[in-house]
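Below is query10.cif, holding mmCIF, C-alpha atoms.
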data_my_file
#
loop_
_atom_site.label_atom_id
_atom_site.label_comp_id
_atom_site.auth_asym_id
_atom_site.auth_seq_id
_atom_site.Cartn_x
_atom_site.Cartn_y
_atom_site.Cartn_z
CA MET A 18 7.15 10.12 26.31
CA LYS A 19 8.91 7.76 28.67
CA ASP A 20 9.85 4.31 27.40
CA GLU A 21 7.36 2.59 29.68
CA TYR A 22 4.54 4.97 28.80
CA LYS A 23 1.77 3.53 26.64
CA PRO A 24 0.21 6.33 24.58
CA THR A 25 -3.51 6.29 23.89
CA VAL A 26 -3.90 6.12 20.12
CA LEU A 27 -6.79 7.26 17.96
CA ILE A 28 -6.63 5.39 14.62
CA VAL A 29 -8.54 7.14 11.84
CA HIS A 30 -9.48 5.34 8.63
CA ASN A 31 -11.91 5.89 5.78
CA TYR A 32 -12.76 2.55 4.15
CA TYR A 33 -13.14 2.44 0.37
CA GLN A 34 -16.14 0.67 -1.14
CA ILE A 35 -13.85 -2.15 -2.31
CA PRO A 36 -11.76 -3.69 0.51
CA GLY A 37 -8.00 -3.30 0.14
CA GLY A 38 -4.61 -3.70 1.73
CA GLU A 39 -4.97 -0.51 3.79
CA ASP A 40 -7.83 -2.11 5.72
CA THR A 41 -5.60 -5.06 6.63
CA VAL A 42 -2.85 -2.73 7.84
CA VAL A 43 -5.29 -0.82 10.05
CA ALA A 44 -6.60 -4.04 11.62
CA ASN A 45 -3.06 -5.40 12.13
CA GLU A 46 -1.72 -2.24 13.75
CA LYS A 47 -4.74 -1.86 16.02
CA ARG A 48 -4.35 -5.44 17.21
CA MET A 49 -0.60 -4.97 17.66
CA LEU A 50 -1.01 -1.84 19.78
CA GLU A 51 -3.69 -3.44 21.97
CA LYS A 52 -1.52 -6.52 22.39
CA HIS A 53 1.21 -4.26 23.81
CA GLY A 54 -1.13 -2.64 26.31
CA HIS A 55 -2.21 0.53 24.50
CA LYS A 56 -5.68 1.98 24.65
CA VAL A 57 -6.80 2.25 21.01
CA ILE A 58 -9.86 4.08 19.72
CA LEU A 59 -10.92 3.49 16.11
CA TYR A 60 -12.69 6.28 14.21
CA THR A 61 -13.93 5.13 10.81
CA ARG A 62 -16.27 5.99 7.97
CA HIS A 63 -17.11 3.80 4.99
CA ASN A 64 -17.58 5.04 1.44
CA SER A 65 -20.55 2.71 1.05
CA GLU A 66 -22.40 5.53 2.87
CA LEU A 67 -22.17 7.50 -0.37
CA LYS A 68 -24.92 5.32 -1.85
CA GLU A 69 -27.33 6.43 0.87
CA LEU A 70 -26.78 10.19 0.57
CA SER A 71 -29.74 12.42 -0.23
CA ARG A 72 -29.69 14.56 -3.37
CA TRP A 73 -28.70 17.61 -1.33
CA GLN A 74 -25.91 15.71 0.41
CA LYS A 75 -24.56 14.56 -2.94
CA LEU A 76 -24.54 18.15 -4.19
CA THR A 77 -22.59 19.31 -1.14
CA LEU A 78 -20.25 16.28 -1.07
CA PRO A 79 -17.35 18.11 -2.82
CA PHE A 80 -17.33 20.63 0.04
CA ALA A 81 -17.53 17.90 2.69
CA THR A 82 -14.64 16.11 1.00
CA VAL A 83 -12.54 19.23 1.52
CA PHE A 84 -13.65 19.76 5.12
CA ASN A 85 -16.20 17.57 6.86
CA LYS A 86 -17.61 19.42 9.87
CA ARG A 87 -18.94 16.19 11.35
CA THR A 88 -15.42 14.73 11.38
CA TYR A 89 -14.01 17.87 12.97
CA ASP A 90 -16.57 17.87 15.80
CA GLU A 91 -16.48 14.11 16.45
CA VAL A 92 -12.69 13.79 16.44
CA ARG A 93 -12.23 16.79 18.76
CA ARG A 94 -14.75 15.28 21.16
CA ILE A 95 -13.02 11.87 21.10
CA ILE A 96 -9.56 13.37 21.65
CA ARG A 97 -10.71 15.32 24.70
CA LYS A 98 -12.91 12.66 26.22
CA GLN A 99 -10.45 9.77 25.73
CA GLN A 100 -7.34 11.88 26.42
CA VAL A 101 -5.76 10.79 23.16
CA ASP A 102 -1.96 11.16 22.90
CA ILE A 103 -1.51 10.39 19.19
CA VAL A 104 -3.86 10.58 16.21
CA HIS A 105 -2.75 8.03 13.61
CA VAL A 106 -4.46 8.59 10.25
CA HIS A 107 -4.50 6.09 7.40
CA ASN A 108 -7.06 7.34 4.86
CA THR A 109 -9.38 10.36 4.77
CA LEU A 110 -11.04 10.02 1.32
CA ASN A 111 -13.95 10.76 0.89
CA LEU A 112 -16.03 11.13 4.04
CA ILE A 113 -13.54 11.81 6.83
CA SER A 114 -11.65 14.52 4.92
CA PRO A 115 -8.57 16.44 6.12
CA ALA A 116 -10.80 17.96 8.82
CA VAL A 117 -9.28 15.34 11.13
CA TYR A 118 -5.95 17.19 10.95
CA TYR A 119 -7.50 20.46 12.06
CA ALA A 120 -9.40 18.77 14.88
CA ALA A 121 -6.14 17.31 16.21
CA ALA A 122 -4.38 20.66 15.83
CA ALA A 123 -7.14 22.39 17.81
CA CYS A 124 -6.49 19.90 20.63
CA LYS A 125 -2.69 20.25 20.28
CA THR A 126 -2.45 16.51 19.62
CA PRO A 127 0.23 15.27 17.20
CA VAL A 128 -0.82 13.54 13.99
CA VAL A 129 0.95 10.68 12.26
CA GLN A 130 -0.22 10.02 8.70
CA THR A 131 0.68 6.72 7.04
CA ILE A 132 1.28 7.22 3.32
CA HIS A 133 -0.29 4.21 1.59
CA ASN A 134 -0.24 5.79 -1.88
CA PHE A 135 0.89 8.95 -3.66
CA ARG A 136 -2.39 10.92 -3.49
CA LEU A 137 -0.80 13.95 -1.82
CA LEU A 138 1.38 14.33 -4.91
CA CYS A 139 -0.76 12.74 -7.64
CA PRO A 140 -4.60 12.95 -7.80
CA GLY A 141 -4.64 9.48 -9.37
CA ALA A 142 -2.55 8.25 -6.42
CA THR A 143 -0.32 5.94 -8.48
CA PHE A 144 1.95 8.07 -10.73
CA TYR A 145 0.57 5.90 -13.54
CA ARG A 146 -1.38 7.07 -16.59
CA ASP A 147 -2.28 5.63 -19.99
CA GLY A 148 -0.07 2.59 -19.57
CA HIS A 149 3.07 4.33 -18.34
CA ILE A 150 4.64 6.07 -15.34
CA CYS A 151 3.68 9.76 -15.16
CA GLU A 152 5.11 12.36 -12.76
CA GLU A 153 3.78 15.51 -14.45
CA CYS A 154 1.94 16.63 -11.31
CA LEU A 155 5.15 16.35 -9.33
CA GLU A 156 7.18 18.25 -11.90
CA LYS A 157 4.68 20.78 -13.26
CA GLY A 158 1.86 21.06 -10.72
CA LEU A 159 -1.34 19.26 -9.75
CA PHE A 160 -3.57 20.89 -12.38
CA HIS A 161 -1.92 18.79 -15.09
CA ALA A 162 -4.00 15.88 -13.80
CA VAL A 163 -7.24 17.60 -14.81
CA LYS A 164 -6.62 17.44 -18.55
CA TYR A 165 -6.11 13.67 -18.30
CA GLY A 166 -8.96 13.00 -15.84
CA CYS A 167 -6.55 11.05 -13.65
CA TYR A 168 -9.05 10.47 -10.83
CA ARG A 169 -11.63 7.90 -11.95
CA GLY A 170 -11.30 9.05 -15.57
CA SER A 171 -13.27 12.23 -14.76
CA ARG A 172 -11.90 15.73 -15.28
CA LEU A 173 -14.55 17.15 -12.95
CA GLN A 174 -13.76 14.74 -10.11
CA THR A 175 -10.04 15.23 -10.71
CA LEU A 176 -10.54 18.99 -10.46
CA ALA A 177 -12.27 18.49 -7.10
CA CYS A 178 -9.27 16.43 -5.88
CA VAL A 179 -6.85 19.12 -7.04
CA ILE A 180 -8.80 21.94 -5.37
CA ASN A 181 -8.91 19.87 -2.17
CA ALA A 182 -5.14 19.36 -2.17
CA LYS A 183 -4.40 22.97 -3.12
CA PHE A 184 -6.65 24.34 -0.36
CA HIS A 185 -4.94 22.37 2.38
CA ARG A 186 -1.51 23.18 0.99
CA LEU A 187 -2.41 26.86 1.27
CA THR A 188 -3.51 26.51 4.91
CA GLY A 189 -0.15 24.93 5.74
CA ILE A 190 -1.71 22.01 7.61
CA TYR A 191 0.55 19.48 5.90
CA LYS A 192 3.57 21.12 7.53
CA LYS A 193 2.20 20.16 10.95
CA LEU A 194 1.83 16.43 10.27
CA ASN A 195 4.27 13.58 10.73
CA TYR A 196 4.46 11.01 7.95
CA ILE A 197 5.13 7.28 7.84
CA CYS A 198 6.37 6.14 4.44
CA LEU A 199 6.42 2.42 3.81
CA THR A 200 9.72 2.44 1.92
CA GLU A 201 12.75 4.64 1.29
CA PHE A 202 11.50 5.04 -2.28
CA ASN A 203 8.22 6.49 -1.00
CA LYS A 204 10.08 8.82 1.35
CA GLU A 205 12.17 10.14 -1.53
CA LYS A 206 9.00 10.94 -3.47
CA MET A 207 7.31 12.57 -0.46
CA LEU A 208 10.27 14.87 0.16
CA ALA A 209 9.70 16.34 -3.30
CA PHE A 210 6.74 18.05 -1.56
CA LYS A 211 8.66 21.02 -0.21
CA GLN A 212 6.13 21.84 2.53
CA ILE A 213 7.19 18.71 4.41
CA ALA A 214 10.29 18.86 6.61
CA PRO A 215 12.59 15.81 6.30
CA GLU A 216 12.64 15.34 10.08
CA ARG A 217 8.88 14.74 10.00
CA VAL A 218 9.10 11.87 7.51
CA PHE A 219 9.82 8.35 8.77
CA VAL A 220 10.12 4.93 7.14
CA LYS A 221 8.28 1.96 8.60
CA PRO A 222 7.22 -0.92 6.36
CA ASN A 223 4.10 -2.94 7.02
CA PHE A 224 4.51 -6.24 8.83
CA VAL A 225 3.20 -9.73 8.25
CA GLU A 226 2.82 -12.51 10.76
CA SER A 227 4.91 -15.61 10.20
CA ILE A 228 3.04 -18.83 9.51
CA ASP A 229 3.48 -21.80 11.85
CA SER A 230 5.37 -24.16 9.58
CA GLU A 231 8.94 -24.99 8.70
CA ILE A 232 10.58 -23.42 5.67
CA VAL A 233 10.40 -25.78 2.70
CA PRO A 234 13.93 -26.33 1.28
CA PRO A 235 14.34 -25.40 -2.41
CA GLU A 236 14.98 -29.00 -3.45
CA LYS A 237 11.66 -30.11 -1.93
CA ARG A 238 9.52 -27.40 -3.49
CA GLU A 239 7.25 -27.92 -6.43
CA GLU A 240 8.60 -26.87 -9.81
CA ARG A 241 6.28 -23.89 -10.12
CA PHE A 242 6.04 -20.10 -9.85
CA ILE A 243 3.19 -18.02 -8.48
CA PHE A 244 1.56 -14.65 -9.19
CA VAL A 245 -0.74 -13.10 -6.57
CA GLY A 246 -2.74 -9.98 -7.37
CA ARG A 247 -5.40 -8.38 -9.51
CA LEU A 248 -5.51 -9.53 -13.10
CA GLU A 249 -5.00 -6.16 -14.77
CA ARG A 250 -2.47 -4.41 -16.97
CA LEU A 251 -1.28 -2.26 -14.05
CA LYS A 252 -0.04 -5.43 -12.33
CA GLY A 253 1.76 -6.67 -15.46
CA VAL A 254 -0.15 -9.91 -15.92
CA ASP A 255 0.03 -9.52 -19.71
CA VAL A 256 3.85 -9.25 -19.54
CA LEU A 257 3.91 -12.39 -17.38
CA LEU A 258 1.84 -14.45 -19.81
CA LYS A 259 3.98 -13.34 -22.76
CA ALA A 260 7.08 -14.50 -20.88
CA TRP A 261 5.50 -17.93 -20.30
CA LYS A 262 4.61 -18.15 -23.97
CA MET A 263 8.28 -17.53 -24.84
CA MET A 264 9.32 -20.52 -22.72
CA GLY A 265 7.28 -22.84 -24.88
CA ASP A 266 6.94 -26.48 -23.88
CA SER A 267 9.69 -26.15 -21.26
CA ALA A 268 7.72 -23.62 -19.22
CA PRO A 269 7.32 -24.57 -15.54
CA ARG A 270 3.93 -24.48 -13.87
CA LEU A 271 2.55 -21.01 -13.15
CA LEU A 272 -0.30 -20.27 -10.73
CA LEU A 273 -2.32 -17.08 -11.20
CA CYS A 274 -4.05 -16.25 -7.90
CA GLY A 275 -6.55 -13.43 -8.20
CA ASN A 276 -9.26 -11.98 -10.35
CA GLY A 277 -9.84 -8.66 -12.06
CA PRO A 278 -10.77 -6.90 -15.30
CA MET A 279 -8.38 -8.99 -17.45
CA GLU A 280 -9.60 -12.35 -16.20
CA GLU A 281 -11.45 -13.33 -19.36
CA GLN A 282 -8.68 -11.90 -21.52
CA CYS A 283 -6.16 -14.06 -19.66
CA ARG A 284 -8.24 -17.17 -20.19
CA GLU A 285 -8.46 -16.48 -23.91
CA TYR A 286 -4.71 -15.85 -24.20
CA ILE A 287 -3.89 -19.06 -22.31
CA ALA A 288 -6.22 -21.12 -24.49
CA LYS A 289 -5.15 -19.50 -27.77
CA ASN A 290 -1.46 -20.03 -27.10
CA GLY A 291 -1.75 -23.49 -25.54
CA LEU A 292 -0.22 -22.45 -22.21
CA ASP A 293 -1.03 -25.72 -20.46
CA SER A 294 1.42 -24.94 -17.66
CA VAL A 295 -0.59 -21.88 -16.54
CA GLU A 296 -3.38 -22.47 -14.04
CA MET A 297 -5.88 -19.75 -13.13
CA MET A 298 -6.80 -20.18 -9.47
CA GLY A 299 -9.25 -17.28 -9.09
CA PHE A 300 -9.53 -15.66 -5.67
CA VAL A 301 -7.53 -17.56 -3.04
CA PRO A 302 -7.77 -16.63 0.69
CA ASN A 303 -4.58 -15.14 2.13
CA ALA A 304 -3.76 -18.09 4.40
CA GLU A 305 -3.97 -20.53 1.49
CA THR A 306 -2.05 -18.17 -0.79
CA ARG A 307 0.85 -18.04 1.63
CA LYS A 308 1.01 -21.84 1.73
CA LEU A 309 1.18 -21.88 -2.06
CA ILE A 310 3.94 -19.25 -2.01
CA ALA A 311 5.86 -21.29 0.59
CA ASN A 312 6.00 -24.27 -1.74
CA SER A 313 6.86 -22.38 -4.95
CA ARG A 314 10.19 -21.58 -6.57
CA ALA A 315 9.49 -17.85 -6.57
CA LEU A 316 6.79 -15.23 -6.35
CA ILE A 317 6.52 -13.12 -9.50
CA LEU A 318 5.56 -9.44 -9.17
CA PRO A 319 5.62 -7.91 -12.68
CA THR A 320 3.99 -4.61 -11.63
CA GLN A 321 3.98 -1.73 -14.09
CA CYS A 322 3.56 0.99 -11.45
CA TYR A 323 5.42 2.19 -8.36
CA GLU A 324 3.10 0.35 -5.93
CA GLY A 325 2.65 1.42 -2.30
CA PHE A 326 4.08 -1.46 -0.31
CA PRO A 327 3.64 -4.88 -1.94
CA MET A 328 2.64 -7.04 1.03
CA THR A 329 3.24 -10.16 -1.04
CA ILE A 330 6.98 -9.45 -0.98
CA ALA A 331 7.08 -9.52 2.83
CA GLU A 332 4.85 -12.61 2.82
CA ALA A 333 7.18 -14.36 0.39
CA PHE A 334 10.27 -13.50 2.45
CA SER A 335 8.57 -14.81 5.60
CA VAL A 336 8.38 -18.30 4.08
CA GLY A 337 11.81 -18.19 2.44
CA THR A 338 10.56 -17.64 -1.11
CA PRO A 339 12.54 -15.35 -3.44
CA VAL A 340 10.77 -12.66 -5.47
CA ILE A 341 11.07 -11.91 -9.18
CA ALA A 342 10.05 -8.27 -9.50
CA SER A 343 10.02 -5.56 -12.12
CA ASP A 344 12.83 -3.07 -11.56
CA LEU A 345 10.42 -0.26 -10.86
CA GLY A 346 9.44 1.76 -7.80
CA ASN A 347 8.91 -0.07 -4.54
CA ALA A 348 8.96 -3.59 -5.94
CA GLY A 349 12.39 -2.98 -7.42
CA SER A 350 13.68 -1.24 -4.29
CA LEU A 351 12.66 -4.10 -1.97
CA VAL A 352 14.29 -6.91 -3.95
CA GLU A 353 18.07 -7.27 -4.17
CA GLU A 354 19.32 -9.00 -7.29
CA GLY A 355 20.94 -12.32 -6.52
CA VAL A 356 20.25 -11.96 -2.79
CA THR A 357 16.49 -11.99 -2.24
CA GLY A 358 15.42 -12.55 -5.82
CA CYS A 359 15.72 -11.22 -9.37
CA LYS A 360 14.74 -8.01 -11.13
CA PHE A 361 13.84 -7.30 -14.75
CA ALA A 362 12.87 -4.36 -16.94
CA ALA A 363 9.16 -3.89 -16.25
CA ASP A 364 7.96 -4.04 -19.86
CA SER A 365 10.20 -6.90 -21.01
CA PRO A 366 8.71 -10.42 -21.15
CA GLU A 367 12.10 -11.71 -22.34
CA GLU A 368 13.91 -10.37 -19.25
CA LEU A 369 11.19 -11.78 -17.00
CA MET A 370 11.69 -15.18 -18.65
CA LYS A 371 15.46 -14.99 -18.07
CA SER A 372 14.87 -14.04 -14.42
CA ALA A 373 12.64 -17.08 -13.90
CA LEU A 374 15.36 -19.31 -15.32
CA ARG A 375 18.06 -17.55 -13.29
CA VAL A 376 16.48 -17.56 -9.83
CA ASN A 377 17.14 -21.25 -9.24
CA THR A 378 20.90 -20.70 -9.60
CA TYR A 379 21.17 -18.50 -6.52
CA LEU A 380 22.45 -20.39 -3.48
CA ASP A 381 21.07 -20.05 0.06
CA ILE A 382 18.40 -17.64 -1.20
CA CYS A 383 15.71 -19.16 1.06
CA LYS A 384 17.80 -18.54 4.19
CA ILE A 385 18.57 -14.98 3.11
CA THR A 386 14.94 -14.08 2.43
CA VAL A 387 13.91 -15.37 5.86
CA ALA A 388 16.69 -13.29 7.45
CA GLU A 389 15.41 -10.25 5.52
CA TYR A 390 11.92 -10.85 6.90
CA LYS A 391 13.13 -11.17 10.50
CA GLU A 392 15.19 -8.01 10.22
CA LYS A 393 12.51 -5.77 8.69
CA TYR A 394 8.99 -7.20 8.55
CA THR A 395 8.11 -8.87 11.86
CA GLU A 396 5.49 -7.54 14.26
CA GLU A 397 8.02 -6.92 17.04
CA ARG A 398 10.31 -4.91 14.76
CA ASN A 399 7.30 -2.96 13.54
CA TYR A 400 6.14 -2.15 17.06
CA LYS A 401 9.57 -0.81 18.07
CA ASN A 402 9.70 1.36 14.96
CA LEU A 403 6.20 2.68 15.55
CA MET A 404 6.93 3.59 19.17
CA GLU A 405 10.04 5.49 18.11
CA ILE A 406 7.99 7.43 15.56
CA TYR A 407 5.32 8.24 18.16
CA ARG A 408 8.01 9.48 20.55
CA LYS A 409 9.51 11.79 17.96
CA ALA A 410 6.10 13.04 16.86
CA ASN A 411 5.23 13.89 20.46
CA CYS A 412 8.45 15.78 21.20
#
Mind turning the file's structure into structure tokens?
Amino acid sequence: MKDEYKPTVLIVHNYYQIPGGEDTVVANEKRMLEKHGHKVILYTRHNSELKELSRWQKLTLPFATVFNKRTYDEVRRIIRKQQVDIVHVHNTLNLISPAVYYAAAACKTPVVQTIHNFRLLCPGATFYRDGHICEECLEKGLFHAVKYGCYRGSRLQTLACVINAKFHRLTGIYKKLNYICLTEFNKEKMLAFKQIAPERVFVKPNFVESIDSEIVPPEKREERFIFVGRLERLKGVDVLLKAWKMMGDSAPRLLLCGNGPMEEQCREYIAKNGLDSVEMMGFVPNAETRKLIANSRALILPTQCYEGFPMTIAEAFSVGTPVIASDLGNAGSLVEEGVTGCKFAADSPEELMKSALRVNTYLDICKITVAEYKEKYTEERNYKNLMEIYRKANC
């Protein structure tokens, strides 16, 4: 493709029943491409459709999840009618299915697949099981997930996921795709899948828009820290609260923005231990959350899993806020100790506490985090990276 050429892009995305970060990425990238003059077609399905399936459709759903004939026919028709140059896939589970890959192959149209999680390598998609990191499927094969019921706690549903992945590995379709990993850590994991050639795997993080306000200097910020995410063990909220308990009466203010399965448990722990400095904010809209982050000492990300790409890190950097992150997976790989924040052993409340006390001693950290954002996470940088990936995929 020539530099001035604007490829027509078909974005393919299967929405989950519960909205998530992937949906935001799809909307952002579609808007970005259109802003730069590309013709963009959006092909979507929504898993809420599963509630409306007939009994027969539910019985045949496992087969449609492996290969959905409707997807194959509709995507082929769109590619030909709209003269699509690139098919950019984000999610195919459950209704779209990998049939989209075969439809593109039949039309000799290159496919770029963004890897938002680890589902190609782990049926549970997170490399996390029973409260700890687990890479058995990577080391010993996908069928190890069945005995643990890693997908939705169901051995039967996990078996269906494994058969799906195994079938498409056997056809060799994954060899024909191009992959966008959100971090170098993700790329390293993906390359453990030997069917994928290294030259087909690229790294392009997600981007966040900057907010229209000046960076608040550290000395003018409120004496508080902030957590943004689901209140669940996977996100390390229990480790965070234990760290604040250790600080005792000297603990700074802590905002918990989010809800989730541990919400009531968090309230009880806060009340029982007299953690008056901790304030549960519930769900806070993104725009308001970013304002809170911009006026806090640091964002705390005590995740207990590898994560996909923690958008809150890029959002924090965009407003000059350092990040205190567990030294694990993507969170740990995106934060540089003493430069853009602090890191601690994921399961250690004591180390988290020490990191919170240490972060204020780092000089010029606000300026450095903003520079990190401008270098890696702006829309313009993202667009240039995406165009380079499209060019290489179309060679």
Name the residues in contact with segment 249-254 of chain A at a cut-off of 8 Å, using all atoms listed in the file, excluding same-chain residues fewer than 5 positions from it; report them as a PyMOL selection string. chain A and resi 148+277-280+318-322+363
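In this model, the gap between atom CA of Ala311 of chain A and atom CA of Val336 of chain A comes to 5.2 Å.
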What residues come out when you apply the PyMOL selection byres ((chain A and resi 375) around 12) to this file, written as number ranges by chain? A: 314-315, 339-341, 354-355, 358-361, 368-374, 376-380
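Taking all atoms listed in the file into account, Ala331 of chain A lies nearest to A:Pro222 out of the set A:Gly166, A:Pro222, A:Pro115, A:Pro36.
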Using the chain letters and numbers from the file, give me the residues hit by the PyMOL selection byres ((chain A and resi 212-220) around 7), as a PyMOL selection string. chain A and resi 191-192+195-201+204+208+210-211+221-222
May I have the residues from that selection written out with C-alpha atoms, as a PDB file, in the coordinates of the input?
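Wrote it out as part_12.pdb, contents follow:
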ATOM      1  CA  TYR A 191       0.550  19.480   5.900  1.00  0.00           C
ATOM      2  CA  LYS A 192       3.570  21.120   7.530  1.00  0.00           C
ATOM      3  CA  ASN A 195       4.270  13.580  10.730  1.00  0.00           C
ATOM      4  CA  TYR A 196       4.460  11.010   7.950  1.00  0.00           C
ATOM      5  CA  ILE A 197       5.130   7.280   7.840  1.00  0.00           C
ATOM      6  CA  CYS A 198       6.370   6.140   4.440  1.00  0.00           C
ATOM      7  CA  LEU A 199       6.420   2.420   3.810  1.00  0.00           C
ATOM      8  CA  THR A 200       9.720   2.440   1.920  1.00  0.00           C
ATOM      9  CA  GLU A 201      12.750   4.640   1.290  1.00  0.00           C
ATOM     10  CA  LYS A 204      10.080   8.820   1.350  1.00  0.00           C
ATOM     11  CA  LEU A 208      10.270  14.870   0.160  1.00  0.00           C
ATOM     12  CA  PHE A 210       6.740  18.050  -1.560  1.00  0.00           C
ATOM     13  CA  LYS A 211       8.660  21.020  -0.210  1.00  0.00           C
ATOM     14  CA  LYS A 221       8.280   1.960   8.600  1.00  0.00           C
ATOM     15  CA  PRO A 222       7.220  -0.920   6.360  1.00  0.00           C
TER      16      PRO A 222
END
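Among the candidates A:Lys98, A:Lys237, A:Lys384, A:Lys56, the residue lying nearest to Ser313 of chain A is A:Lys237 (atoms considered: all atoms listed in the file).
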When the PyMOL selection byres ((chain A and resi 272) around 8) is applied to the structure above, which residues does it catch, written out as JSON, numbers by chain? {"A": [241, 242, 243, 244, 270, 271, 273, 274, 295, 296, 297, 298]}
Between atom CA of Ala121 of chain A and atom CA of Ala142 of chain A, what is the spacing in Å? 24.6 Å
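Distance check against Asp364 of chain A using only C-alpha atoms: of A:Ser294, A:His63, A:Ala288, A:Lys259, the minimum falls on A:Lys259.
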Atom pair atom CA of Gln100 of chain A / atom CA of Arg186 of chain A: separation (Å): 28.4 Å
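Between Glu397 of chain A and the residues A:Ala333, A:Lys164, A:Cys139, A:Lys52, the shortest atom-to-atom distance, using only C-alpha atoms, involves A:Lys52.
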Name the residues in contact with Ile232 of chain A at a cut-off of 12 Å, using all atoms listed in the file, excluding same-chain residues fewer than 6 positions from it; report them as a short mmCIF file (atom, residue, chain, number, x, y, z; two decimals) with C-alpha atoms, in the coordinates of the input.
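After the write, selection00.cif holds the following:
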data_model
loop_
_atom_site.label_atom_id
_atom_site.label_comp_id
_atom_site.auth_asym_id
_atom_site.auth_seq_id
_atom_site.Cartn_x
_atom_site.Cartn_y
_atom_site.Cartn_z
CA ARG A 238 9.52 -27.40 -3.49
CA ARG A 307 0.85 -18.04 1.63
CA LYS A 308 1.01 -21.84 1.73
CA ILE A 310 3.94 -19.25 -2.01
CA ALA A 311 5.86 -21.29 0.59
CA ASN A 312 6.00 -24.27 -1.74
CA SER A 313 6.86 -22.38 -4.95
CA ALA A 333 7.18 -14.36 0.39
CA PHE A 334 10.27 -13.50 2.45
CA SER A 335 8.57 -14.81 5.60
CA VAL A 336 8.38 -18.30 4.08
CA GLY A 337 11.81 -18.19 2.44
CA THR A 338 10.56 -17.64 -1.11
CA ILE A 382 18.40 -17.64 -1.20
CA CYS A 383 15.71 -19.16 1.06
CA LYS A 384 17.80 -18.54 4.19
CA ILE A 385 18.57 -14.98 3.11
CA THR A 386 14.94 -14.08 2.43
CA VAL A 387 13.91 -15.37 5.86
CA ALA A 388 16.69 -13.29 7.45
#
Give as a PyMOL selection string the set of residues within 7 Å of the point (-10.6, 16.8, 13.1), where distances use the file's coordinates and only C-alpha atoms. chain A and resi 88-90+92-93+116-121
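Among the candidates A:His185, A:Lys391, A:Arg146, A:Arg87, the one nearest to Cys167 of chain A when counting all atoms listed in the file is A:Arg146.
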At a cut-off of 10 Å, using all atoms listed in the file, what residues contact Pro24 of chain A? Leave out same-chain residues fewer than 4 positions from it and give the result as JSON, numbers by chain. {"A": [18, 19, 50, 54, 55, 56, 57, 100, 101, 102, 103, 404, 407, 408, 411]}
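Nearest to Val129 of chain A of all the residues A:Val245, A:Ala348, A:Met328, A:Val26 is A:Val26, based on all atoms listed in the file.
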Would you pick out the contacts of Ala44 of chain A at 12 Å or less, using all atoms listed in the file, so that residues sharing its chain but fewer than 2 positions from it are not included, and give the list as a PDB file with C-alpha atoms, keeping the file's coordinate frame?
ATOM      1  CA  ILE A  28      -6.630   5.390  14.620  1.00  0.00           C
ATOM      2  CA  VAL A  29      -8.540   7.140  11.840  1.00  0.00           C
ATOM      3  CA  HIS A  30      -9.480   5.340   8.630  1.00  0.00           C
ATOM      4  CA  TYR A  32     -12.760   2.550   4.150  1.00  0.00           C
ATOM      5  CA  GLY A  37      -8.000  -3.300   0.140  1.00  0.00           C
ATOM      6  CA  GLY A  38      -4.610  -3.700   1.730  1.00  0.00           C
ATOM      7  CA  GLU A  39      -4.970  -0.510   3.790  1.00  0.00           C
ATOM      8  CA  ASP A  40      -7.830  -2.110   5.720  1.00  0.00           C
ATOM      9  CA  THR A  41      -5.600  -5.060   6.630  1.00  0.00           C
ATOM     10  CA  VAL A  42      -2.850  -2.730   7.840  1.00  0.00           C
ATOM     11  CA  GLU A  46      -1.720  -2.240  13.750  1.00  0.00           C
ATOM     12  CA  LYS A  47      -4.740  -1.860  16.020  1.00  0.00           C
ATOM     13  CA  ARG A  48      -4.350  -5.440  17.210  1.00  0.00           C
ATOM     14  CA  MET A  49      -0.600  -4.970  17.660  1.00  0.00           C
ATOM     15  CA  LEU A  50      -1.010  -1.840  19.780  1.00  0.00           C
ATOM     16  CA  GLU A  51      -3.690  -3.440  21.970  1.00  0.00           C
ATOM     17  CA  VAL A  57      -6.800   2.250  21.010  1.00  0.00           C
ATOM     18  CA  ILE A  58      -9.860   4.080  19.720  1.00  0.00           C
ATOM     19  CA  LEU A  59     -10.920   3.490  16.110  1.00  0.00           C
ATOM     20  CA  THR A  61     -13.930   5.130  10.810  1.00  0.00           C
ATOM     21  CA  HIS A 107      -4.500   6.090   7.400  1.00  0.00           C
ATOM     22  CA  ASN A 223       4.100  -2.940   7.020  1.00  0.00           C
ATOM     23  CA  PHE A 224       4.510  -6.240   8.830  1.00  0.00           C
ATOM     24  CA  VAL A 225       3.200  -9.730   8.250  1.00  0.00           C
TER      25      VAL A 225
END
Would you compute an axis-aligned box for segment 30-45 of chain A, covering every atom listed for it in the file with 6 Å of margin on each side, and report centre and edge lengths in Å to one decimal as JSON?
{"center_x": -9.5, "center_y": 0.2, "center_z": 4.9, "size_x": 25.3, "size_y": 23.3, "size_z": 26.4}
